[in-house]
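With PDB, C-alpha atoms and all ligand atoms inside, this is query_5.pdb:
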ATOM      1  CA  MET A   1      12.809 -28.021  -0.440
ATOM      2  CA  THR A   2       9.715 -27.918   1.771
ATOM      3  CA  ILE A   3       9.881 -25.740   4.835
ATOM      4  CA  ASP A   4       8.315 -26.815   8.117
ATOM      5  CA  LEU A   5       7.102 -23.486   9.504
ATOM      6  CA  HIS A   6       6.598 -24.884  13.006
ATOM      7  CA  GLU A   7      10.219 -25.904  13.109
ATOM      8  CA  ARG A   8      11.646 -22.734  11.530
ATOM      9  CA  VAL A   9       9.456 -19.994  13.039
ATOM     10  CA  HIS A  10       8.906 -19.865  16.788
ATOM     11  CA  LEU A  11       6.026 -17.572  17.648
ATOM     12  CA  THR A  12       6.239 -16.100  21.142
ATOM     13  CA  HIS A  13       4.843 -13.094  23.030
ATOM     14  CA  GLY A  14       1.263 -13.676  21.916
ATOM     15  CA  TYR A  15       1.825 -13.866  18.154
ATOM     16  CA  ASP A  16      -0.253 -16.628  16.616
ATOM     17  CA  GLU A  17      -0.518 -18.505  13.352
ATOM     18  CA  GLY A  18      -4.053 -17.435  12.582
ATOM     19  CA  SER A  19      -3.684 -13.673  12.715
ATOM     20  CA  ALA A  20      -3.575 -11.358   9.718
ATOM     21  CA  ARG A  21      -0.266  -9.464   9.586
ATOM     22  CA  PRO A  22      -0.233  -7.015   6.662
ATOM     23  CA  ILE A  23       3.391  -6.114   7.428
ATOM     24  CA  ILE A  24       6.403  -8.298   8.254
ATOM     25  CA  VAL A  25       9.521  -6.716   9.726
ATOM     26  CA  CYS A  26      12.335  -9.190   9.154
ATOM     27  CA  TYR A  27      15.874  -9.042  10.516
ATOM     28  CA  VAL A  28      17.697 -10.786   7.664
ATOM     29  CA  THR A  29      21.168 -10.506   9.178
ATOM     30  CA  ASN A  30      22.703  -9.705  12.552
ATOM     31  CA  ARG A  31      25.846  -8.431  10.861
ATOM     32  CA  CYS A  32      26.469  -4.710  10.486
ATOM     33  CA  ASN A  33      29.304  -2.571   9.177
ATOM     34  CA  LEU A  34      28.642   0.051  11.887
ATOM     35  CA  ALA A  35      28.340  -0.076  15.696
ATOM     36  CA  CYS A  36      25.834   2.638  16.595
ATOM     37  CA  THR A  37      25.677   3.525  20.267
ATOM     38  CA  HIS A  38      21.880   3.323  20.555
ATOM     39  CA  CYS A  39      21.264   0.123  18.580
ATOM     40  CA  PHE A  40      18.879  -2.210  20.401
ATOM     41  CA  LEU A  41      19.780  -5.327  18.425
ATOM     42  CA  TYR A  42      22.233  -6.842  20.895
ATOM     43  CA  ARG A  43      20.736  -5.479  24.078
ATOM     44  CA  ASP A  44      20.248  -7.956  26.917
ATOM     45  CA  GLY A  45      17.040  -9.884  26.564
ATOM     46  CA  ASN A  46      16.574  -9.427  22.823
ATOM     47  CA  PRO A  47      16.604 -12.531  20.608
ATOM     48  CA  ASN A  48      19.781 -11.827  18.678
ATOM     49  CA  GLU A  49      22.191 -11.899  21.582
ATOM     50  CA  ARG A  50      22.300 -15.651  21.960
ATOM     51  CA  VAL A  51      23.630 -16.613  18.568
ATOM     52  CA  SER A  52      26.621 -15.890  16.404
ATOM     53  CA  PRO A  53      25.889 -12.918  14.171
ATOM     54  CA  ARG A  54      27.376 -14.932  11.313
ATOM     55  CA  LEU A  55      24.945 -17.845  11.679
ATOM     56  CA  GLU A  56      22.397 -16.971   9.021
ATOM     57  CA  ILE A  57      19.633 -18.732   7.152
ATOM     58  CA  PRO A  58      20.776 -19.217   3.521
ATOM     59  CA  ASP A  59      18.943 -17.193   0.853
ATOM     60  CA  ASP A  60      16.848 -20.025  -0.624
ATOM     61  CA  GLU A  61      15.642 -21.225   2.774
ATOM     62  CA  MET A  62      14.951 -17.742   4.081
ATOM     63  CA  LEU A  63      12.915 -16.789   1.033
ATOM     64  CA  GLU A  64      10.920 -19.998   1.262
ATOM     65  CA  ILE A  65      10.112 -19.328   4.927
ATOM     66  CA  ILE A  66       9.193 -15.715   4.196
ATOM     67  CA  GLU A  67       6.953 -16.672   1.274
ATOM     68  CA  ALA A  68       5.118 -19.246   3.409
ATOM     69  CA  LEU A  69       4.630 -16.673   6.175
ATOM     70  CA  ARG A  70       3.401 -14.119   3.627
ATOM     71  CA  ASP A  71       0.734 -16.560   2.499
ATOM     72  CA  ARG A  72      -0.211 -17.647   6.028
ATOM     73  CA  HIS A  73      -0.595 -14.095   7.367
ATOM     74  CA  GLY A  74      -1.805 -12.251   4.255
ATOM     75  CA  THR A  75       1.255  -9.989   4.237
ATOM     76  CA  ARG A  76       1.622  -7.333   1.521
ATOM     77  CA  VAL A  77       4.455  -5.160   2.840
ATOM     78  CA  MET A  78       7.926  -6.333   3.871
ATOM     79  CA  VAL A  79      10.404  -4.273   5.883
ATOM     80  CA  TRP A  80      13.898  -5.727   5.390
ATOM     81  CA  MET A  81      15.966  -5.012   8.512
ATOM     82  CA  GLY A  82      19.305  -5.921  10.067
ATOM     83  CA  GLY A  83      22.054  -5.558  11.152
ATOM     84  CA  GLU A  84      22.636  -3.995   7.767
ATOM     85  CA  PRO A  85      20.323  -5.604   5.196
ATOM     86  CA  MET A  86      22.406  -4.362   2.232
ATOM     87  CA  LEU A  87      25.024  -6.901   3.343
ATOM     88  CA  ARG A  88      22.559  -9.437   1.912
ATOM     89  CA  ARG A  89      21.948  -7.621  -1.349
ATOM     90  CA  SER A  90      21.306 -10.754  -3.424
ATOM     91  CA  LEU A  91      18.630 -11.859  -0.940
ATOM     92  CA  LEU A  92      16.899  -8.480  -1.236
ATOM     93  CA  GLU A  93      17.092  -8.486  -5.022
ATOM     94  CA  ARG A  94      15.129 -11.739  -5.060
ATOM     95  CA  GLY A  95      12.938 -11.063  -2.040
ATOM     96  CA  VAL A  96      11.345  -7.790  -3.099
ATOM     97  CA  GLY A  97       9.423  -9.651  -5.791
ATOM     98  CA  LEU A  98       7.463 -11.514  -3.118
ATOM     99  CA  PHE A  99       5.618  -8.434  -1.843
ATOM    100  CA  ASP A 100       3.422  -5.638  -3.130
ATOM    101  CA  TYR A 101       5.685  -3.094  -1.434
ATOM    102  CA  ASN A 102       9.060  -3.232   0.293
ATOM    103  CA  VAL A 103      11.015  -1.013   2.647
ATOM    104  CA  VAL A 104      14.753  -1.543   3.187
ATOM    105  CA  ASP A 105      15.888  -0.099   6.525
ATOM    106  CA  THR A 106      19.560   0.725   5.921
ATOM    107  CA  ASN A 107      22.351   2.792   7.423
ATOM    108  CA  GLY A 108      23.013   4.076   3.882
ATOM    109  CA  THR A 109      26.789   3.729   4.037
ATOM    110  CA  ILE A 110      26.840   0.867   1.518
ATOM    111  CA  PRO A 111      25.922   1.788  -2.078
ATOM    112  CA  LEU A 112      22.198   1.189  -2.615
ATOM    113  CA  ALA A 113      20.812  -1.184  -5.231
ATOM    114  CA  ASP A 114      17.951  -0.106  -7.478
ATOM    115  CA  LEU A 115      15.222  -2.463  -6.291
ATOM    116  CA  GLY A 116      12.493  -0.883  -8.383
ATOM    117  CA  PRO A 117       9.726   1.655  -7.800
ATOM    118  CA  LEU A 118       7.851  -0.611  -5.377
ATOM    119  CA  THR A 119      10.712  -0.452  -2.886
ATOM    120  CA  SER A 120      11.820   2.473  -0.771
ATOM    121  CA  PHE A 121      14.991   2.813   1.257
ATOM    122  CA  LEU A 122      14.653   4.088   4.807
ATOM    123  CA  VAL A 123      18.086   5.616   5.368
ATOM    124  CA  SER A 124      18.946   6.214   9.025
ATOM    125  CA  VAL A 125      20.602   9.541   9.814
ATOM    126  CA  GLU A 126      20.627  10.914  13.351
ATOM    127  CA  GLY A 127      21.028  14.612  12.655
ATOM    128  CA  PRO A 128      23.565  16.942  11.030
ATOM    129  CA  PRO A 129      27.103  15.509  10.624
ATOM    130  CA  ASP A 130      28.459  16.050  14.154
ATOM    131  CA  VAL A 131      25.303  14.702  15.840
ATOM    132  CA  ASN A 132      25.061  11.756  13.437
ATOM    133  CA  ASP A 133      28.726  10.775  13.634
ATOM    134  CA  ALA A 134      28.757  10.856  17.455
ATOM    135  CA  ILE A 135      26.232   7.995  17.338
ATOM    136  CA  ARG A 136      27.030   6.186  14.063
ATOM    137  CA  GLY A 137      30.785   6.691  13.807
ATOM    138  CA  ALA A 138      33.197   9.201  12.304
ATOM    139  CA  GLY A 139      32.591   9.989   8.655
ATOM    140  CA  THR A 140      29.305   8.099   8.350
ATOM    141  CA  PHE A 141      27.203  11.155   7.487
ATOM    142  CA  ALA A 142      29.549  11.975   4.592
ATOM    143  CA  ARG A 143      29.385   8.387   3.338
ATOM    144  CA  VAL A 144      25.581   8.463   3.274
ATOM    145  CA  TYR A 145      25.538  11.832   1.563
ATOM    146  CA  ARG A 146      28.052  10.686  -1.051
ATOM    147  CA  ASN A 147      26.075   7.511  -1.763
ATOM    148  CA  LEU A 148      22.929   9.546  -2.419
ATOM    149  CA  GLU A 149      24.835  11.983  -4.631
ATOM    150  CA  ASN A 150      26.219   9.068  -6.649
ATOM    151  CA  LEU A 151      22.861   7.441  -7.385
ATOM    152  CA  PRO A 152      22.322   7.170 -11.132
ATOM    153  CA  ASP A 153      19.658   9.437 -12.642
ATOM    154  CA  ALA A 154      17.595   6.380 -13.572
ATOM    155  CA  PHE A 155      17.474   5.029  -9.984
ATOM    156  CA  THR A 156      13.810   4.180  -9.332
ATOM    157  CA  SER A 157      13.556   3.260  -5.619
ATOM    158  CA  ALA A 158      12.466   6.083  -3.317
ATOM    159  CA  ILE A 159      14.757   7.433  -0.585
ATOM    160  CA  ASN A 160      13.311   8.321   2.810
ATOM    161  CA  ILE A 161      15.674   9.718   5.446
ATOM    162  CA  GLN A 162      14.717   8.473   8.916
ATOM    163  CA  CYS A 163      16.002  10.382  11.922
ATOM    164  CA  THR A 164      15.610   8.980  15.428
ATOM    165  CA  VAL A 165      15.195  12.140  17.492
ATOM    166  CA  THR A 166      17.000  12.261  20.838
ATOM    167  CA  ARG A 167      17.659  14.951  23.414
ATOM    168  CA  SER A 168      20.953  15.696  21.649
ATOM    169  CA  SER A 169      19.379  16.178  18.210
ATOM    170  CA  GLN A 170      16.076  17.843  19.088
ATOM    171  CA  GLY A 171      17.454  21.351  18.524
ATOM    172  CA  ARG A 172      19.220  20.445  15.255
ATOM    173  CA  LEU A 173      16.397  18.901  13.196
ATOM    174  CA  GLY A 174      15.915  21.923  10.957
ATOM    175  CA  GLU A 175      19.562  21.664   9.882
ATOM    176  CA  LEU A 176      18.971  18.056   8.882
ATOM    177  CA  VAL A 177      15.961  18.989   6.757
ATOM    178  CA  ASP A 178      17.950  21.773   5.073
ATOM    179  CA  LEU A 179      20.817  19.376   4.303
ATOM    180  CA  PHE A 180      18.554  16.914   2.479
ATOM    181  CA  LEU A 181      16.141  19.257   0.737
ATOM    182  CA  GLY A 182      16.947  19.259  -2.972
ATOM    183  CA  THR A 183      18.913  15.985  -2.812
ATOM    184  CA  ARG A 184      17.862  12.512  -3.978
ATOM    185  CA  ALA A 185      15.943  12.119  -0.709
ATOM    186  CA  ASN A 186      12.197  12.162  -1.348
ATOM    187  CA  LEU A 187      11.136  12.420   2.297
ATOM    188  CA  VAL A 188      12.362  12.875   5.860
ATOM    189  CA  THR A 189      10.662  11.006   8.698
ATOM    190  CA  PHE A 190      11.265  11.777  12.359
ATOM    191  CA  SER A 191      10.894   8.969  14.849
ATOM    192  CA  PHE A 192      11.613   9.436  18.542
ATOM    193  CA  TYR A 193      13.958   7.371  20.671
ATOM    194  CA  VAL A 194      12.393   4.205  22.143
ATOM    195  CA  PRO A 195      14.164   3.530  25.463
ATOM    196  CA  ALA A 196      14.671   0.221  27.213
ATOM    197  CA  VAL A 197      12.973  -0.199  30.584
ATOM    198  CA  ASP A 198      16.335   0.275  32.305
ATOM    199  CA  ASP A 199      17.657   2.819  29.793
ATOM    200  CA  THR A 200      20.928   4.409  30.881
ATOM    201  CA  THR A 201      21.956   6.006  27.578
ATOM    202  CA  GLY A 202      20.946   9.500  28.666
ATOM    203  CA  ILE A 203      19.757  10.323  25.149
ATOM    204  CA  GLY A 204      16.027   9.909  25.842
ATOM    205  CA  TRP A 205      13.600  12.009  27.872
ATOM    206  CA  GLU A 206      12.694  11.225  31.487
ATOM    207  CA  THR A 207       9.033  12.046  30.902
ATOM    208  CA  LEU A 208       6.564  12.440  28.061
ATOM    209  CA  GLU A 209       6.178  16.079  29.071
ATOM    210  CA  LYS A 210       9.886  16.737  28.468
ATOM    211  CA  ARG A 211       9.693  14.993  25.084
ATOM    212  CA  MET A 212       7.166  17.549  23.844
ATOM    213  CA  VAL A 213       9.980  20.006  23.032
ATOM    214  CA  ALA A 214      11.092  17.587  20.315
ATOM    215  CA  VAL A 215       7.549  16.793  19.189
ATOM    216  CA  GLU A 216       6.773  20.490  18.779
ATOM    217  CA  GLU A 217       9.934  20.983  16.735
ATOM    218  CA  VAL A 218       8.865  18.211  14.358
ATOM    219  CA  ARG A 219       5.403  19.806  14.167
ATOM    220  CA  ARG A 220       7.027  23.114  13.187
ATOM    221  CA  LEU A 221       9.068  21.406  10.464
ATOM    222  CA  LYS A 222       6.006  19.544   9.155
ATOM    223  CA  ILE A 223       4.124  22.821   8.805
ATOM    224  CA  GLU A 224       7.137  24.416   7.117
ATOM    225  CA  HIS A 225       7.803  21.477   4.741
ATOM    226  CA  PRO A 226       4.500  19.578   4.442
ATOM    227  CA  ALA A 227       5.502  17.561   1.367
ATOM    228  CA  PHE A 228       8.998  16.662   2.584
ATOM    229  CA  VAL A 229       8.421  15.774   6.252
ATOM    230  CA  THR A 230       6.407  12.545   6.465
ATOM    231  CA  ASN A 231       4.998  12.783  10.006
ATOM    232  CA  ASN A 232       1.366  13.749  10.085
ATOM    233  CA  LEU A 233       0.025  16.293  12.537
ATOM    234  CA  ALA A 234      -2.679  14.030  13.967
ATOM    235  CA  ALA A 235      -0.024  11.461  14.872
ATOM    236  CA  LEU A 236       2.097  14.125  16.565
ATOM    237  CA  ASP A 237      -0.984  15.184  18.566
ATOM    238  CA  LEU A 238      -1.195  11.619  19.902
ATOM    239  CA  MET A 239       2.326  11.869  21.335
ATOM    240  CA  ALA A 240       1.085  14.334  23.962
ATOM    241  CA  PRO A 241       1.214  12.985  27.543
ATOM    242  CA  GLU A 242      -2.579  12.808  27.766
ATOM    243  CA  HIS A 243      -2.828  10.525  24.684
ATOM    244  CA  ALA A 244       0.415   8.552  24.364
ATOM    245  CA  PRO A 245      -0.277   6.023  27.171
ATOM    246  CA  SER A 246      -3.490   4.834  25.513
ATOM    247  CA  VAL A 247      -1.672   4.354  22.174
ATOM    248  CA  ALA A 248       0.977   2.205  23.860
ATOM    249  CA  ALA A 249      -1.582   0.247  25.873
ATOM    250  CA  ASP A 250      -3.264  -0.990  22.696
ATOM    251  CA  CYS A 251      -0.354  -0.625  20.307
ATOM    252  CA  PRO A 252      -1.564  -0.601  16.692
ATOM    253  CA  PHE A 253       1.939  -1.258  15.387
ATOM    254  CA  ARG A 254       2.296  -4.437  17.419
ATOM    255  CA  SER A 255      -1.067  -5.731  16.201
ATOM    256  CA  THR A 256      -0.260  -4.993  12.537
ATOM    257  CA  VAL A 257       3.294  -6.304  12.232
ATOM    258  CA  LEU A 258       4.903  -9.730  12.528
ATOM    259  CA  PRO A 259       8.459  -9.149  13.815
ATOM    260  CA  LEU A 260      10.973 -11.840  12.812
ATOM    261  CA  PHE A 261      14.287 -11.981  14.625
ATOM    262  CA  LEU A 262      17.046 -14.397  13.661
ATOM    263  CA  ASP A 263      17.617 -17.217  16.130
ATOM    264  CA  GLY A 264      20.223 -19.477  14.600
ATOM    265  CA  ARG A 265      18.659 -21.243  11.608
ATOM    266  CA  SER A 266      15.160 -20.215  12.704
ATOM    267  CA  PHE A 267      13.138 -17.071  13.216
ATOM    268  CA  THR A 268      11.630 -16.052  16.499
ATOM    269  CA  THR A 269       9.406 -13.175  17.574
ATOM    270  CA  ALA A 270       9.833 -10.653  20.382
ATOM    271  CA  HIS A 271       7.496  -8.261  22.180
ATOM    272  CA  CYS A 272       7.707  -5.987  19.146
ATOM    273  CA  THR A 273      10.195  -5.008  16.448
ATOM    274  CA  TYR A 274      12.137  -3.035  19.069
ATOM    275  CA  GLY A 275      12.784  -6.194  21.069
ATOM    276  CA  ASN A 276      11.666  -7.441  24.477
ATOM    277  CA  ASP A 277      12.988  -4.855  26.884
ATOM    278  CA  VAL A 278      11.317  -1.713  25.542
ATOM    279  CA  ASP A 279       9.558   0.797  27.757
ATOM    280  CA  CYS A 280       6.211   1.105  25.956
ATOM    281  CA  SER A 281       5.173   3.916  28.298
ATOM    282  CA  ARG A 282       7.884   6.095  26.678
ATOM    283  CA  CYS A 283       7.650   4.652  23.142
ATOM    284  CA  GLY A 284       8.434   7.213  20.502
ATOM    285  CA  THR A 285       8.326   5.213  17.318
ATOM    286  CA  TRP A 286       6.545   7.359  14.769
ATOM    287  CA  ILE A 287       4.745   4.485  13.095
ATOM    288  CA  ALA A 288       2.806   3.445  16.220
ATOM    289  CA  TYR A 289       1.293   6.927  16.392
ATOM    290  CA  GLU A 290       0.758   7.053  12.619
ATOM    291  CA  PHE A 291      -1.245   3.824  12.778
ATOM    292  CA  ALA A 292      -3.161   5.114  15.801
ATOM    293  CA  ALA A 293      -4.070   8.267  13.880
ATOM    294  CA  LYS A 294      -4.830   6.365  10.687
ATOM    295  CA  PRO A 295      -4.981   2.552  10.758
ATOM    296  CA  PHE A 296      -2.805   0.808   8.213
ATOM    297  CA  ALA A 297      -4.532   0.235   4.869
ATOM    298  CA  PHE A 298      -2.591  -0.738   1.786
ATOM    299  CA  PRO A 299      -1.732   1.000  -0.549
ATOM    300  CA  ASP A 300      -2.046   4.454   0.991
ATOM    301  CA  TYR A 301      -0.312   3.592   4.293
ATOM    302  CA  ASP A 302       2.217   6.397   3.887
ATOM    303  CA  ALA A 303      -0.199   9.081   2.751
TER     304      ALA A 303
HETATM  305  S1  LIG A 401       7.674  -0.264  22.100
HETATM  306 FE1  LIG A 401       6.242   1.045  20.973
HETATM  307  S2  LIG A 401       5.904  -0.025  19.037
HETATM  308 FE2  LIG A 401       6.726  -1.529  20.485
HETATM  309  S3  LIG A 401       4.880  -2.498  21.408
HETATM  310 FE3  LIG A 401       5.583  -0.818  22.765
HETATM  311  S4  LIG A 401       4.303   0.901  22.139
HETATM  312 FE4  LIG A 401       4.246  -0.572  20.445
END

Write-out of the structure in structure tokens:
Amino acid sequence: MTIDLHERVHLTHGYDEGSARPIIVCYVTNRCNLACTHCFLYRDGNPNERVSPRLEIPDDEMLEIIEALRDRHGTRVMVWMGGEPMLRRSLLERGVGLFDYNVVDTNGTIPLADLGPLTSFLVSVEGPPDVNDAIRGAGTFARVYRNLENLPDAFTSAINIQCTVTRSSQGRLGELVDLFLGTRANLVTFSFYVPAVDDTTGIGWETLEKRMVAVEEVRRLKIEHPAFVTNNLAALDLMAPEHAPSVAADCPFRSTVLPLFLDGRSFTTAHCTYGNDVDCSRCGTWIAYEFAAKPFAFPDYDA
């Protein structure tokens, strides 16, 4: 089988064939076993809304497309996204061999596969059980916790808990850290809610000034647990109202990553991995600020 990249990958929003993209973020399925209230995947205007979530590119074809894109853009790191990527476990088991390093962004409710030491799982948890389950569904925190407890001793992939901080969780982050300290989780990373332009969820902050309560709480936890909390202090400094607009205006995440959304039997791009309708002026994704503080450079990108 020979893939025609022009036919199978539609670059939009300024992405071009000639640019180096050290990281690909790929939505390998639109299916998910949860229905989280703040998920942006099916929001109006994002690529996935137009197609059936069950219309997927078969494994062989998808891996061939991804390998060709890897070679065209010089990609070394793959972030496997969904939907829930563990619903395509066999694809991941084959796909991780294509890259120097892999991250699987999962809701953690499906038992994890050992994909080797060059893969880490980014397990989404929104806060302690009551905060998490209000967003992700009843009992989901316990399912994640049980899956981590049941990992075999020989499991080699790293586990990184990722918490999207909102107004409802900002006062409960210390509890989350305490719950995962001493478990199979190697790290906790705090990202901050990225609202849509017309966000009506009520879980974000109206202004960057108001968001600083949450940023300062993450700073406190980083100082208290420097080896367990991933966020670096220089990146948190850049989230201050006097710096954040200039990070968003020249977003280092957008210029580093090729985002691939499913569009029927093809891939398409969007403004960034958060879709088309995001309010960059209130962006809280941790990685944009991390790359602004320290530009991506393999292999120490998560130092
Ligand atoms: S939403 Fe955030 S990560 Fe995406 S382009 Fe805007 S500033 Fe960058």

Inset, instruction - Would you list the residues that come within 8 Å of ligand LIG 401 (chain A)? Count all atoms listed in the file and give the answer as a PyMOL selection string. - result: chain A and resi 194+247-254+271-275+278-285+287-288

Inset, instruction - Determine, counting only C-alpha atoms, which protein, DNA and RNA residues have an atom within 8 Å of an atom of stretch 141-155 of chain A; residues of the same chain fewer than 2 positions away are not included. Present the result as a PyMOL selection string. - result: chain A and resi 107-112+114+116+125+128-129+132-133+138-139+157+183-185

Legend entry - stretch 199-210 of chain A environment, 8 Å, only C-alpha atoms, sequence neighbours closer than 2 positions dropped, as a list in words: His38, Thr166, Arg167, Ser168, Tyr193, Val194, Pro195, Ala196, Val197, Met212, Val213, Met239, Ala240, Pro241 and Arg282 of chain A

Output C-alpha atoms for every residue in the selection just made, as a PDB file, in the coordinates of the input.
ATOM      1  CA  HIS A  38      21.880   3.323  20.555  1.00  0.00           C
ATOM      2  CA  THR A 166      17.000  12.261  20.838  1.00  0.00           C
ATOM      3  CA  ARG A 167      17.659  14.951  23.414  1.00  0.00           C
ATOM      4  CA  SER A 168      20.953  15.696  21.649  1.00  0.00           C
ATOM      5  CA  TYR A 193      13.958   7.371  20.671  1.00  0.00           C
ATOM      6  CA  VAL A 194      12.393   4.205  22.143  1.00  0.00           C
ATOM      7  CA  PRO A 195      14.164   3.530  25.463  1.00  0.00           C
ATOM      8  CA  ALA A 196      14.671   0.221  27.213  1.00  0.00           C
ATOM      9  CA  VAL A 197      12.973  -0.199  30.584  1.00  0.00           C
ATOM     10  CA  MET A 212       7.166  17.549  23.844  1.00  0.00           C
ATOM     11  CA  VAL A 213       9.980  20.006  23.032  1.00  0.00           C
ATOM     12  CA  MET A 239       2.326  11.869  21.335  1.00  0.00           C
ATOM     13  CA  ALA A 240       1.085  14.334  23.962  1.00  0.00           C
ATOM     14  CA  PRO A 241       1.214  12.985  27.543  1.00  0.00           C
ATOM     15  CA  ARG A 282       7.884   6.095  26.678  1.00  0.00           C
TER      16      ARG A 282
END

Legend entry - Which of A:Gly14, A:Gly174, A:Pro22, A:Gly97 sits closest to A:Arg220 [using only C-alpha atoms]: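 Residue with the minimum atom-to-atom distance to A:Arg220: A:Gly174.
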
Inset, instruction - Write out as a ChimeraX atom specification each polymer residue whose atoms come within 10 Å of A:Ile135, counting all atoms listed in the file; drop sequence neighbours fewer than 3 positions from it. - result: /A:34-39,125-127,130-132,138,140

Legend entry - atom CA of A:Ala134 to atom CA of A:Ala158, distance in Å rounded to a single decimal: 26.8 Å

Selected by the PyMOL selection byres (((chain A and resi 64) around 12) and not hetatm) in the shown coordinates: which residues, as a short mmCIF file (atom, residue, chain, number, x, y, z; two decimals) with C-alpha atoms, in the coordinates of the input?
data_model
loop_
_atom_site.label_atom_id
_atom_site.label_comp_id
_atom_site.auth_asym_id
_atom_site.auth_seq_id
_atom_site.Cartn_x
_atom_site.Cartn_y
_atom_site.Cartn_z
CA MET A 1 12.81 -28.02 -0.44
CA THR A 2 9.72 -27.92 1.77
CA ILE A 3 9.88 -25.74 4.84
CA ASP A 4 8.32 -26.82 8.12
CA LEU A 5 7.10 -23.49 9.50
CA ARG A 8 11.65 -22.73 11.53
CA VAL A 9 9.46 -19.99 13.04
CA ILE A 57 19.63 -18.73 7.15
CA PRO A 58 20.78 -19.22 3.52
CA ASP A 59 18.94 -17.19 0.85
CA ASP A 60 16.85 -20.02 -0.62
CA GLU A 61 15.64 -21.22 2.77
CA MET A 62 14.95 -17.74 4.08
CA LEU A 63 12.92 -16.79 1.03
CA ILE A 65 10.11 -19.33 4.93
CA ILE A 66 9.19 -15.72 4.20
CA GLU A 67 6.95 -16.67 1.27
CA ALA A 68 5.12 -19.25 3.41
CA LEU A 69 4.63 -16.67 6.18
CA ARG A 70 3.40 -14.12 3.63
CA ASP A 71 0.73 -16.56 2.50
CA LEU A 91 18.63 -11.86 -0.94
CA ARG A 94 15.13 -11.74 -5.06
CA GLY A 95 12.94 -11.06 -2.04
CA LEU A 98 7.46 -11.51 -3.12
#

Legend entry - Gap from atom CA of A:Val104 to atom CA of A:Phe267 - Å, one decimal: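 Between these atoms lies a distance of 18.6 Å.
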
Reconstruct stretch 173-186 of chain A at the level of N, CA and C atoms, and format the result as a PDB file, in the frame of the given file.
ATOM      1  N   LEU A 173      17.150  19.624  14.230  1.00  0.00           N
ATOM      2  CA  LEU A 173      16.397  18.901  13.196  1.00  0.00           C
ATOM      3  C   LEU A 173      16.208  19.741  11.938  1.00  0.00           C
ATOM      4  N   GLY A 174      16.064  21.046  12.115  1.00  0.00           N
ATOM      5  CA  GLY A 174      15.915  21.923  10.957  1.00  0.00           C
ATOM      6  C   GLY A 174      17.144  21.878  10.058  1.00  0.00           C
ATOM      7  N   GLU A 175      18.322  21.779  10.679  1.00  0.00           N
ATOM      8  CA  GLU A 175      19.562  21.664   9.882  1.00  0.00           C
ATOM      9  C   GLU A 175      19.540  20.402   9.036  1.00  0.00           C
ATOM     10  N   LEU A 176      19.034  19.323   9.628  1.00  0.00           N
ATOM     11  CA  LEU A 176      18.971  18.056   8.882  1.00  0.00           C
ATOM     12  C   LEU A 176      18.057  18.195   7.668  1.00  0.00           C
ATOM     13  N   VAL A 177      16.894  18.793   7.871  1.00  0.00           N
ATOM     14  CA  VAL A 177      15.961  18.989   6.757  1.00  0.00           C
ATOM     15  C   VAL A 177      16.634  19.820   5.670  1.00  0.00           C
ATOM     16  N   ASP A 178      17.297  20.906   6.062  1.00  0.00           N
ATOM     17  CA  ASP A 178      17.950  21.773   5.073  1.00  0.00           C
ATOM     18  C   ASP A 178      19.029  21.023   4.292  1.00  0.00           C
ATOM     19  N   LEU A 179      19.749  20.111   4.976  1.00  0.00           N
ATOM     20  CA  LEU A 179      20.817  19.376   4.303  1.00  0.00           C
ATOM     21  C   LEU A 179      20.282  18.427   3.230  1.00  0.00           C
ATOM     22  N   PHE A 180      19.056  17.911   3.428  1.00  0.00           N
ATOM     23  CA  PHE A 180      18.554  16.914   2.479  1.00  0.00           C
ATOM     24  C   PHE A 180      17.530  17.457   1.495  1.00  0.00           C
ATOM     25  N   LEU A 181      17.032  18.652   1.727  1.00  0.00           N
ATOM     26  CA  LEU A 181      16.141  19.257   0.737  1.00  0.00           C
ATOM     27  C   LEU A 181      16.907  19.439  -0.576  1.00  0.00           C
ATOM     28  N   GLY A 182      16.296  19.076  -1.682  1.00  0.00           N
ATOM     29  CA  GLY A 182      16.947  19.259  -2.972  1.00  0.00           C
ATOM     30  C   GLY A 182      17.943  18.170  -3.325  1.00  0.00           C
ATOM     31  N   THR A 183      18.045  17.129  -2.490  1.00  0.00           N
ATOM     32  CA  THR A 183      18.913  15.985  -2.812  1.00  0.00           C
ATOM     33  C   THR A 183      18.053  14.859  -3.386  1.00  0.00           C
ATOM     34  N   ARG A 184      18.627  13.662  -3.486  1.00  0.00           N
ATOM     35  CA  ARG A 184      17.862  12.512  -3.978  1.00  0.00           C
ATOM     36  C   ARG A 184      16.874  11.995  -2.950  1.00  0.00           C
ATOM     37  N   ALA A 185      16.915  12.536  -1.726  1.00  0.00           N
ATOM     38  CA  ALA A 185      15.943  12.119  -0.709  1.00  0.00           C
ATOM     39  C   ALA A 185      14.564  12.658  -1.064  1.00  0.00           C
ATOM     40  N   ASN A 186      13.570  11.755  -1.044  1.00  0.00           N
ATOM     41  CA  ASN A 186      12.197  12.162  -1.348  1.00  0.00           C
ATOM     42  C   ASN A 186      11.478  12.676  -0.109  1.00  0.00           C
TER      43      ASN A 186
END
